[in-house]
Each structure stands twice: as C-alpha cells, then as structure tokens.
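Let me begin by presenting the structure, written as structure tokens, before commenting on it.
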Amino acid sequence: MYIPYFIVVMLSPAAMLLVGLLWKISPPPYQSTGLAYNTELTRKDPDAWMAAHHHCARLWVRIGVISGGASAFLMVLFQANYASIWLWLIIGQMVLFCVSVFMIDLLLKNTFTEEDSGKKK
C-alpha cells in the first residue's frame, strides 16, 4: 500500500516541475486559453504575460525539485507511518504552490501598472 501513497505525494511536485520546464522552453502564446498564467494584468500587456511565465517557470522548477526531494525523503524516512504523513506533505505542497502564485502576482503588480495599460513602472 506504500507505493500508491508515494505516487500521489509525488504528483504535485512532478506537475510543477513539468509545467515549469515546459514554460521555460516554450511559454504559451499571448492570451492563450490553455495552460497559462492568466490574470487580468497579464491579459492587458504582452510584456507582463511573458514576464509572468518567465518568472513562474523558474520558480516552479525550483519548487518542484525542492518539494519533490523533500517529500520523497520524508516519505522514505517515515515509511512506517506513511498513512499519517502523506496528507500533510500534500498540504505543504499546495501551500508552496499558492505562495508561488501570490509571489508572481506581487512581482507583476510591482513591475507593471494597471492604470497605464500594462506599462512598466
């Protein structure tokens, strides 16, 4: 029963790493409706769109590697009690994901102004 829990715990870091690498190689086109960092500010300006995907890709690659490694280490370390730790690991990963989104949003708001239709400050 340990293997399915391990796989579930590793899904989020693997997804963040995969999307980060994908956006690093080829960011989505401006105003794409698919998998993209799509906010009101990024929809107004192509520069904000590209900056968001550039910074998000870098951050998600780092978070994916670090949280994946830490989660794998903790799952192996607490293998005897995996049923009680796997949910806490997933909650921690989701907190990191939410914090990364807020960090990118804050970066964009500090770099681009909404009143000037997306012009840099």
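We name chains A, B, ... following the order of the structure tokens; residues begin at 1 in each chain, and ligands are numbered from 1 as shown.
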Q | Residue list (alpha helix (DSSP H), DSSP) for chain A, as number ranges by chain | A | A: 2-25, 40-44, 46-77, 82-111
Q | Shell of 10 Å around Ile90 in chain A, only C-alpha atoms, local chain residues under 5 positions omitted, as a list of chain:residue names | A |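 Here the qualifying residues turn out to be A:Val8, A:Val9, A:Met10, A:Leu11, A:Ser12, A:Pro13, A:Ser67, A:Ser71, A:Ile85, A:Val95, A:Leu96.
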(Q) Counting only C-alpha atoms, which residue out of A:Met1, A:Leu35, A:Leu107, A:Met16 sits closest to Met94 in chain A? (A)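 When distances to Met94 in chain A are compared using only C-alpha atoms, the smallest one comes from A:Met16.
Going from CA of Phe112 in chain A to CA of Thr42 in chain A covers 9.5 Å.
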**Q.** Residues near Ala70 in chain A, cut-off 12 Å, only C-alpha atoms, skip fewer than 5 positions along chain, as a ChimeraX atom specification
**A.** /A:9-10,13,63-65,75-78,89-90,92-93
What's the 12 Å shell around Asn38 in chain A, counting only C-alpha atoms, without same-chain residues fewer than 4 positions away, as a compact mmCIF listing (two decimals) with C-alpha atoms, in the first residue's frame?
```
# COMPACT_ATOMS: atom_id res chain seq x y z
CA PRO A 28 2.34 29.84 -24.04
CA PRO A 29 1.42 32.40 -26.70
CA TYR A 30 -0.03 35.72 -25.59
CA GLN A 31 -3.62 35.38 -24.31
CA SER A 32 -3.62 31.62 -24.71
CA THR A 33 -6.70 29.88 -23.36
CA GLY A 34 -4.91 26.65 -22.44
CA THR A 42 -1.24 39.56 -17.91
CA ARG A 43 -4.15 39.75 -20.35
CA LYS A 44 -3.62 43.51 -20.79
CA ASP A 45 0.06 43.51 -21.77
CA PRO A 46 2.25 41.04 -23.71
CA ALA A 48 3.51 41.25 -18.42
CA TRP A 49 2.41 37.94 -19.96
CA MET A 50 5.97 36.97 -20.87
CA ALA A 51 7.39 38.18 -17.54
CA ALA A 52 4.80 36.16 -15.61
CA HIS A 53 5.59 32.97 -17.49
CA CYS A 56 6.73 31.41 -12.88
CA VAL A 101 1.24 32.32 -7.32
CA ILE A 104 4.38 36.14 -9.07
CA ASP A 105 1.28 38.33 -8.76
```
